[in-house]
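Asks: What follows is input_21.pdb; its format and atoms are PDB, C-alpha atoms and all ligand atoms.
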```pdb
ATOM      1  CA  MET S  96     -30.589 -35.997 -44.403  1.00  0.00           C
ATOM      2  CA  GLU S  97     -29.492 -35.548 -40.850  1.00  0.00           C
ATOM      3  CA  GLU S  98     -26.756 -33.042 -40.094  1.00  0.00           C
ATOM      4  CA  ARG S  99     -24.146 -34.228 -37.695  1.00  0.00           C
ATOM      5  CA  ILE S 100     -23.156 -31.951 -34.878  1.00  0.00           C
ATOM      6  CA  ASP S 101     -19.752 -32.651 -33.399  1.00  0.00           C
ATOM      7  CA  SER S 102     -19.581 -32.941 -29.680  1.00  0.00           C
ATOM      8  CA  VAL S 103     -18.240 -29.895 -27.892  1.00  0.00           C
ATOM      9  CA  GLU S 104     -16.719 -32.034 -25.178  1.00  0.00           C
ATOM     10  CA  GLY S 105     -13.346 -31.989 -26.935  1.00  0.00           C
ATOM     11  CA  ILE S 106     -13.162 -28.210 -26.824  1.00  0.00           C
ATOM     12  CA  ARG S 107     -11.001 -27.166 -23.892  1.00  0.00           C
ATOM     13  CA  GLN S 108     -10.396 -23.534 -24.771  1.00  0.00           C
ATOM     14  CA  TRP S 109     -10.958 -20.949 -27.380  1.00  0.00           C
ATOM     15  CA  THR S 110      -9.258 -17.666 -27.770  1.00  0.00           C
ATOM     16  CA  GLY S 111     -11.185 -14.428 -27.693  1.00  0.00           C
ATOM     17  CA  SER S 112     -11.535 -11.277 -25.692  1.00  0.00           C
ATOM     18  CA  ILE S 113     -14.269  -9.676 -23.669  1.00  0.00           C
ATOM     19  CA  PRO S 114     -14.009  -5.896 -23.304  1.00  0.00           C
ATOM     20  CA  LEU S 115     -14.344  -5.089 -19.631  1.00  0.00           C
ATOM     21  CA  HIS S 116     -13.671  -1.837 -17.849  1.00  0.00           C
ATOM     22  CA  TYR S 117     -13.255  -1.452 -14.112  1.00  0.00           C
ATOM     23  CA  GLU S 118     -13.064   1.598 -11.946  1.00  0.00           C
ATOM     24  CA  TYR S 119     -12.238   1.134  -8.308  1.00  0.00           C
ATOM     25  CA  THR S 120     -12.673   3.788  -5.701  1.00  0.00           C
ATOM     26  CA  ALA S 121     -10.404   4.152  -2.719  1.00  0.00           C
ATOM     27  CA  GLY S 122     -13.391   4.186  -0.348  1.00  0.00           C
ATOM     28  CA  VAL S 123     -14.042   6.621   2.486  1.00  0.00           C
ATOM     29  CA  ALA S 124     -10.978   5.787   4.575  1.00  0.00           C
ATOM     30  CA  GLY S 125      -8.726   5.234   1.566  1.00  0.00           C
ATOM     31  CA  GLU S 126      -9.626   8.635   0.174  1.00  0.00           C
ATOM     32  CA  ARG S 127      -8.876  10.301   3.512  1.00  0.00           C
ATOM     33  CA  PHE S 128      -5.521   8.497   3.615  1.00  0.00           C
ATOM     34  CA  LEU S 129      -4.627   9.473   0.027  1.00  0.00           C
ATOM     35  CA  ARG S 130      -5.638  13.113   0.554  1.00  0.00           C
ATOM     36  CA  GLY S 131      -3.289  13.113   3.528  1.00  0.00           C
ATOM     37  CA  LEU S 132      -0.442  11.805   1.385  1.00  0.00           C
ATOM     38  CA  ALA S 133      -1.021  14.661  -1.067  1.00  0.00           C
ATOM     39  CA  GLN S 134      -0.356  16.969   1.902  1.00  0.00           C
ATOM     40  CA  GLY S 135       2.747  15.034   2.887  1.00  0.00           C
ATOM     41  CA  LYS S 136       1.078  13.320   5.830  1.00  0.00           C
ATOM     42  CA  ILE S 137       0.641   9.683   6.792  1.00  0.00           C
ATOM     43  CA  GLN S 138      -2.614   9.205   8.675  1.00  0.00           C
ATOM     44  CA  ALA S 139      -3.536   6.227  10.810  1.00  0.00           C
ATOM     45  CA  GLY S 140      -7.032   5.413  11.992  1.00  0.00           C
ATOM     46  CA  TYR S 141      -7.710   5.829  15.701  1.00  0.00           C
ATOM     47  CA  CYS S 142     -10.229   3.642  17.520  1.00  0.00           C
ATOM     48  CA  ALA S 143     -11.509   5.509  20.571  1.00  0.00           C
ATOM     49  CA  ASN S 144     -12.803   2.245  22.062  1.00  0.00           C
ATOM     50  CA  CYS S 145      -9.477   0.362  21.823  1.00  0.00           C
ATOM     51  CA  LYS S 146      -7.439   3.559  22.206  1.00  0.00           C
ATOM     52  CA  GLU S 147      -5.260   2.361  19.386  1.00  0.00           C
ATOM     53  CA  ALA S 148      -3.948   3.804  16.124  1.00  0.00           C
ATOM     54  CA  SER S 149      -3.715   1.480  13.129  1.00  0.00           C
ATOM     55  CA  LEU S 150      -2.623   1.306   9.529  1.00  0.00           C
ATOM     56  CA  PRO S 151      -3.930   1.093   6.921  1.00  0.00           C
ATOM     57  CA  LEU S 152      -6.616   3.664   7.658  1.00  0.00           C
ATOM     58  CA  ARG S 153     -10.019   1.938   7.789  1.00  0.00           C
ATOM     59  CA  ILE S 154     -13.572   3.002   8.611  1.00  0.00           C
ATOM     60  CA  TYR S 155     -13.850   0.267  11.214  1.00  0.00           C
ATOM     61  CA  CYS S 156     -11.566  -1.198  13.861  1.00  0.00           C
ATOM     62  CA  ILE S 157     -10.276  -4.680  13.090  1.00  0.00           C
ATOM     63  CA  LYS S 158     -10.234  -5.536  16.824  1.00  0.00           C
ATOM     64  CA  CYS S 159     -13.656  -4.392  18.058  1.00  0.00           C
ATOM     65  CA  TYR S 160     -15.372  -3.737  14.689  1.00  0.00           C
ATOM     66  CA  GLY S 161     -16.487  -0.345  15.972  1.00  0.00           C
ATOM     67  CA  GLY S 162     -16.438   2.663  13.690  1.00  0.00           C
ATOM     68  CA  VAL S 163     -13.176   4.563  13.366  1.00  0.00           C
ATOM     69  CA  GLU S 164     -14.150   8.220  13.394  1.00  0.00           C
ATOM     70  CA  ARG S 165     -10.748   9.799  13.915  1.00  0.00           C
ATOM     71  CA  SER S 166      -7.396   9.730  12.223  1.00  0.00           C
ATOM     72  CA  VAL S 167      -4.069  10.649  13.745  1.00  0.00           C
ATOM     73  CA  LEU S 168      -0.851  11.750  12.112  1.00  0.00           C
ATOM     74  CA  VAL S 169       1.942   9.213  12.106  1.00  0.00           C
ATOM     75  CA  ARG S 170       4.904  11.230  13.311  1.00  0.00           C
ATOM     76  CA  SER S 171       7.275   8.477  14.393  1.00  0.00           C
ATOM     77  CA  ALA S 172      10.006   7.102  12.163  1.00  0.00           C
ATOM     78  CA  GLY S 173       9.190   3.836  10.463  1.00  0.00           C
ATOM     79  CA  LYS S 174      10.963   0.592  11.125  1.00  0.00           C
ATOM     80  CA  VAL S 175      11.540  -2.045   8.457  1.00  0.00           C
ATOM     81  CA  ALA S 176       9.899  -5.250   9.672  1.00  0.00           C
ATOM     82  CA  ALA S 177      10.333  -7.279   6.466  1.00  0.00           C
ATOM     83  CA  LEU S 178      12.119  -6.705   3.188  1.00  0.00           C
ATOM     84  CA  THR S 179      12.103  -8.245  -0.279  1.00  0.00           C
ATOM     85  CA  LYS S 180      13.352  -7.431  -3.758  1.00  0.00           C
ATOM     86  CA  THR S 181      11.683  -8.137  -7.074  1.00  0.00           C
ATOM     87  CA  GLN S 182      12.930  -8.078 -10.643  1.00  0.00           C
ATOM     88  CA  PHE S 183       9.427  -8.118 -12.127  1.00  0.00           C
ATOM     89  CA  GLY S 184       6.765  -5.445 -12.519  1.00  0.00           C
ATOM     90  CA  GLN S 185       3.022  -5.838 -11.931  1.00  0.00           C
ATOM     91  CA  GLY S 186       2.494  -7.101 -15.485  1.00  0.00           C
ATOM     92  CA  GLY S 187       5.219  -9.698 -15.128  1.00  0.00           C
ATOM     93  CA  GLU S 188       7.684  -7.659 -17.179  1.00  0.00           C
ATOM     94  CA  ARG S 189      11.319  -7.812 -16.188  1.00  0.00           C
ATOM     95  CA  LEU S 190      12.511  -4.595 -14.543  1.00  0.00           C
ATOM     96  CA  GLY S 191      15.864  -3.070 -15.402  1.00  0.00           C
ATOM     97  CA  GLU S 192      16.903  -2.898 -11.779  1.00  0.00           C
ATOM     98  CA  PRO S 193      15.511  -4.919  -8.879  1.00  0.00           C
ATOM     99  CA  VAL S 194      13.117  -2.934  -6.692  1.00  0.00           C
ATOM    100  CA  ALA S 195      13.114  -3.345  -2.915  1.00  0.00           C
ATOM    101  CA  PHE S 196       9.843  -3.368  -0.976  1.00  0.00           C
ATOM    102  CA  ALA S 197       9.442  -3.377   2.767  1.00  0.00           C
ATOM    103  CA  TYR S 198       6.733  -3.815   5.339  1.00  0.00           C
ATOM    104  CA  ILE S 199       7.172  -0.759   7.521  1.00  0.00           C
ATOM    105  CA  THR S 200       5.803  -0.414  11.034  1.00  0.00           C
ATOM    106  CA  PHE S 201       5.557   2.709  13.195  1.00  0.00           C
ATOM    107  CA  GLU S 202       5.934   3.026  16.937  1.00  0.00           C
ATOM    108  CA  GLY S 203       2.549   3.331  18.624  1.00  0.00           C
ATOM    109  CA  VAL S 204       0.675   2.165  15.518  1.00  0.00           C
ATOM    110  CA  THR S 205      -0.735  -1.321  14.889  1.00  0.00           C
ATOM    111  CA  GLY S 206      -0.198  -2.632  11.362  1.00  0.00           C
ATOM    112  CA  GLY S 207       1.942  -0.867   8.817  1.00  0.00           C
ATOM    113  CA  LEU S 208       2.528  -0.041   5.179  1.00  0.00           C
ATOM    114  CA  VAL S 209       4.185  -1.817   2.268  1.00  0.00           C
ATOM    115  CA  HIS S 210       6.266   0.498   0.116  1.00  0.00           C
ATOM    116  CA  ARG S 211       9.438   0.849  -1.882  1.00  0.00           C
ATOM    117  CA  VAL S 212      12.626   1.448   0.045  1.00  0.00           C
ATOM    118  CA  ALA S 213      15.940   2.979  -0.934  1.00  0.00           C
ATOM    119  CA  ASP S 214      19.182   1.068  -1.340  1.00  0.00           C
ATOM    120  CA  GLY S 215      20.966   0.332   1.878  1.00  0.00           C
ATOM    121  CA  VAL S 216      17.795  -0.227   3.903  1.00  0.00           C
ATOM    122  CA  ARG S 217      17.861  -3.416   5.978  1.00  0.00           C
ATOM    123  CA  VAL S 218      15.421  -5.218   8.256  1.00  0.00           C
ATOM    124  CA  GLY S 219      15.374  -3.177  11.445  1.00  0.00           C
ATOM    125  CA  SER S 220      16.424   0.054   9.720  1.00  0.00           C
ATOM    126  CA  SER S 221      14.777   3.238  10.877  1.00  0.00           C
ATOM    127  CA  VAL S 222      13.169   4.853   7.819  1.00  0.00           C
ATOM    128  CA  ARG S 223      11.199   7.923   6.859  1.00  0.00           C
ATOM    129  CA  PRO S 224       9.107   8.705   3.781  1.00  0.00           C
ATOM    130  CA  ARG S 225      10.555  10.678   0.898  1.00  0.00           C
ATOM    131  CA  PHE S 226       7.567  12.533  -0.563  1.00  0.00           C
ATOM    132  CA  LYS S 227       7.441  13.863  -4.107  1.00  0.00           C
ATOM    133  CA  PRO S 228       7.543  17.646  -4.438  1.00  0.00           C
ATOM    134  CA  LYS S 229       4.098  19.001  -3.485  1.00  0.00           C
ATOM    135  CA  ARG S 230       3.217  20.129  -7.042  1.00  0.00           C
ATOM    136  CA  LYS S 231       3.753  16.588  -8.318  1.00  0.00           C
ATOM    137  CA  ARG S 232       1.567  14.825  -5.754  1.00  0.00           C
ATOM    138  CA  THR S 233      -1.715  13.384  -6.991  1.00  0.00           C
ATOM    139  CA  GLY S 234      -3.241  11.723  -3.928  1.00  0.00           C
ATOM    140  CA  SER S 235      -1.604   8.380  -4.686  1.00  0.00           C
ATOM    141  CA  ILE S 236       0.394   5.947  -2.595  1.00  0.00           C
ATOM    142  CA  LEU S 237       3.203   6.902  -4.985  1.00  0.00           C
ATOM    143  CA  ASP S 238       3.163  10.442  -3.570  1.00  0.00           C
ATOM    144  CA  ILE S 239       5.695   8.748  -1.328  1.00  0.00           C
ATOM    145  CA  GLU S 240       8.533   7.961  -3.707  1.00  0.00           C
ATOM    146  CA  PHE S 241      10.093   5.530  -1.249  1.00  0.00           C
ATOM    147  CA  PHE S 242      11.214   5.216   2.332  1.00  0.00           C
ATOM    148  CA  GLU S 243      14.826   5.994   3.052  1.00  0.00           C
ATOM    149  CA  ARG S 244      17.045   5.484   6.050  1.00  0.00           C
ATOM    150  CA  ASP S 245      16.316   7.961   8.802  1.00  0.00           C
ATOM    151  CA  LEU S 246      19.712   9.287   9.787  1.00  0.00           C
ATOM    152  CA  ARG S 247      18.379  12.013  12.048  1.00  0.00           C
ATOM    153  CA  PRO S 248      19.790  11.835  15.564  1.00  0.00           C
ATOM    154  CA  ARG S 249      17.518  10.223  18.143  1.00  0.00           C
ATOM    155  CA  THR S 250      15.654  12.630  20.372  1.00  0.00           C
ATOM    156  CA  SER S 251      14.817  10.980  23.659  1.00  0.00           C
TER     157      SER S 251
HETATM  158 ZN    ZN S 301     -11.430  -0.867  18.356  1.00  0.00          ZN
END
```
Show this structure as structure tokens.
Replies:
Amino acid sequence: MEERIDSVEGIRQWTGSIPLHYEYTAGVAGERFLRGLAQGKIQAGYCANCKEASLPLRIYCIKCYGGVERSVLVRSAGKVAALTKTQFGQGGERLGEPVAFAYITFEGVTGGLVHRVADGVRVGSSVRPRFKPKRKRTGSILDIEFFERDLRPRTS
């Protein structure tokens, strides 16, 4: 007697799980950047060929593709170039309070950083990083708690 095998064409999904584990490294430039944050410093890459500082810190220049051997400290105040708020976390969970994120640029530096910003920050606001206390820093982008309005008087 012949056994009948049902076609699998009707099966569109089945539920299961595959145990996978990932570990990502920050890479050479990312590690240098994160170690700087642990010291309360924002470092930009500096291309000697283009004579230009850029963020995020990379091991190569995105203009000339040459190696970026040096980093420079970002000392200027940031400026909010774009701003958004979200009510959802990375896992899609609803947050208690909306969180504001901004794309922050720095004078003399190409590119910028995306980070949380404090209430009251607007597009065009001058901002500076609020770092965690040194003993609580771990070499993470979250060593900067957020950027807040820079109310220091202009020195020019
Ligand atoms: Zn370059």
Asks: At a cut-off of 9 Å and counting all atoms listed in the file, what residues surround ligand ZN 301 (chain S)? Please answer as an mmCIF file with C-alpha atoms, keeping the file's coordinate frame.
Replies:
```cif
data_model
loop_
_atom_site.group_PDB
_atom_site.id
_atom_site.type_symbol
_atom_site.label_atom_id
_atom_site.label_comp_id
_atom_site.auth_asym_id
_atom_site.auth_seq_id
_atom_site.Cartn_x
_atom_site.Cartn_y
_atom_site.Cartn_z
ATOM 1 C CA TYR S 141 -7.710 5.829 15.701
ATOM 2 C CA CYS S 142 -10.229 3.642 17.520
ATOM 3 C CA ALA S 143 -11.509 5.509 20.571
ATOM 4 C CA ASN S 144 -12.803 2.245 22.062
ATOM 5 C CA CYS S 145 -9.477 0.362 21.823
ATOM 6 C CA LYS S 146 -7.439 3.559 22.206
ATOM 7 C CA GLU S 147 -5.260 2.361 19.386
ATOM 8 C CA TYR S 155 -13.850 0.267 11.214
ATOM 9 C CA CYS S 156 -11.566 -1.198 13.861
ATOM 10 C CA ILE S 157 -10.276 -4.680 13.090
ATOM 11 C CA LYS S 158 -10.234 -5.536 16.824
ATOM 12 C CA CYS S 159 -13.656 -4.392 18.058
ATOM 13 C CA TYR S 160 -15.372 -3.737 14.689
ATOM 14 C CA GLY S 161 -16.487 -0.345 15.972
ATOM 15 C CA GLY S 162 -16.438 2.663 13.690
ATOM 16 C CA VAL S 163 -13.176 4.563 13.366
#
```
Asks: On this structure, the PyMOL selection byres (((chain S and resi 117-123) around 10) and not hetatm) would catch which residues? List them as a VMD selection string, sorted by chain and number.
Replies: chain S and resid 115 to 116 124 to 129 152 to 154 235
Asks: Quote the spacing between atom CA of Ala195 of chain S and atom CA of Asp214 of chain S in Å to one decimal place.
Replies: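 Pair atom CA of Ala195 of chain S / atom CA of Asp214 of chain S returns 7.7 Å.
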Asks: Find, counting only C-alpha atoms, the residue in S:Arg223, S:His210, S:Arg230, S:Arg107 that gets nearest to Val169 of chain S.
Replies: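 Of S:Arg223, S:His210, S:Arg230, S:Arg107, the one nearest Val169 of chain S, counting only C-alpha atoms, is S:Arg223.
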Asks: Which of these, S:Pro224, S:Gly111, S:Gly219, S:Gly234, has the shortest distance to Arg170 of chain S once you count all atoms listed in the file?
Replies: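 So, comparing all the options, the nearest one is S:Pro224.
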Asks: Here's the selection I'm unsure about, the PyMOL selection byres (((chain S and resi 244) around 6) and not hetatm); applied to the file above, which residues does it give, as JSON, numbers by chain?
Replies: {"S": [221, 222, 243, 245, 246]}
Asks: Restricting the calculation to all atoms listed in the file: of S:Ser166, S:Arg130, S:Tyr198, S:Thr181, which residue gets closest to Ser220 of chain S?
Replies: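 Between S:Ser166, S:Arg130, S:Tyr198, S:Thr181, the residue approaching Ser220 of chain S most closely is S:Tyr198.
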Asks: For a quick check of understanding, using all atoms listed in the file, which of S:Ile113, S:Ala139, S:Leu237, S:Leu150 has the smallest distance to Gly206 of chain S?
Replies: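 Of all the options, S:Leu150 lies closest to Gly206 of chain S.
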Asks: Would you mind reading off the distance between atom CA of Pro193 of chain S and atom CA of Leu178 of chain S, one decimal, in Å?
Replies: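 A separation of 12.7 Å between them.
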